[in-house]
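Trainee: Can you keep this structure in mind? I'll have questions shortly.
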Amino acid sequence: MNWRTLFPLAFALVIAGCSTAPNEITQVREGVLRAVTYVQAADYCDARSMTPRWLGKAPAEQGVLFQCY
């Protein structure tokens with residue numbers, strides 16, 4: 001293989017890797033949501049004209065828990 005065949009393959013793999021983002025907001029239990037970052041949680045609540053209420057770190061420190069009110 002030469003560089004002309006490897007470059008498109010490498011480019012496709014980089015694009016595929018960048019597009020596999022985890023689900024940003026997930027529901028943990030009734031009324032409690034989990035986000036990867038505080039910014040994502042705040043943006044989620046702002047989009048609904050609500051205010052975030054921080055509940056702490058998610059289990060295994062995989063994000064933050066919050067509620068919108």
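Numbering starts fresh at 1 for the residues of each chain in the structure tokens, the chains themselves are lettered A, B, ... in the order given, and ligands are numbered from 1 as they appear.
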Skip stretch 48-52 of chain A itself and residues of its chain fewer than 2 positions away, then list as an MDAnalysis selection string all residues within 8 Å of it, counting only C-alpha atoms.

Mentor: chainID A and resid 41:42 44:46 54 66:69

Trainee: With C-alpha atoms kept, could you save the residues just selected as a CSV table (one decimal), in the first residue's frame?

Mentor:
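Result file result09.csv:
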chain,number,residue,atom,x,y,z
A,41,ALA,CA,-26.0,20.1,32.1
A,42,ALA,CA,-26.4,23.9,32.3
A,44,TYR,CA,-29.6,21.3,28.7
A,45,CYS,CA,-31.5,23.2,31.4
A,46,ASP,CA,-31.0,26.6,29.7
A,54,TRP,CA,-26.4,20.1,41.2
A,66,PHE,CA,-28.4,17.3,38.3
A,67,GLN,CA,-32.1,18.3,38.1
A,68,CYS,CA,-33.7,21.1,36.1
A,69,TYR,CA,-36.3,23.2,37.9

Trainee: Can you write out as a Markdown table which residues of stretch 20-46 of chain A fall within 10 Å of stretch 62-65 of chain A, alongside each residue's closest atom pair and its distance in Å to one decimal, counting only C-alpha atoms and ordering rows by chain and ascending residue number?

Mentor:
| residue | atom | partner | partner_atom | distance |
| --- | --- | --- | --- | --- |
| A:Glu24 | CA | A:Gly63 | CA | 9.6 |
| A:Ile25 | CA | A:Gly63 | CA | 9.7 |
| A:Thr26 | CA | A:Leu65 | CA | 9.6 |
| A:Gln27 | CA | A:Leu65 | CA | 9.3 |
| A:Val28 | CA | A:Leu65 | CA | 8.2 |
| A:Val32 | CA | A:Leu65 | CA | 6.7 |
| A:Leu33 | CA | A:Leu65 | CA | 5.6 |
| A:Arg34 | CA | A:Leu65 | CA | 4.6 |
| A:Ala35 | CA | A:Gly63 | CA | 5.5 |
| A:Val36 | CA | A:Gly63 | CA | 4.2 |
| A:Thr37 | CA | A:Gly63 | CA | 5.8 |
| A:Tyr38 | CA | A:Val64 | CA | 6.7 |
| A:Gln40 | CA | A:Val64 | CA | 9.7 |
| A:Ala41 | CA | A:Val64 | CA | 8.0 |
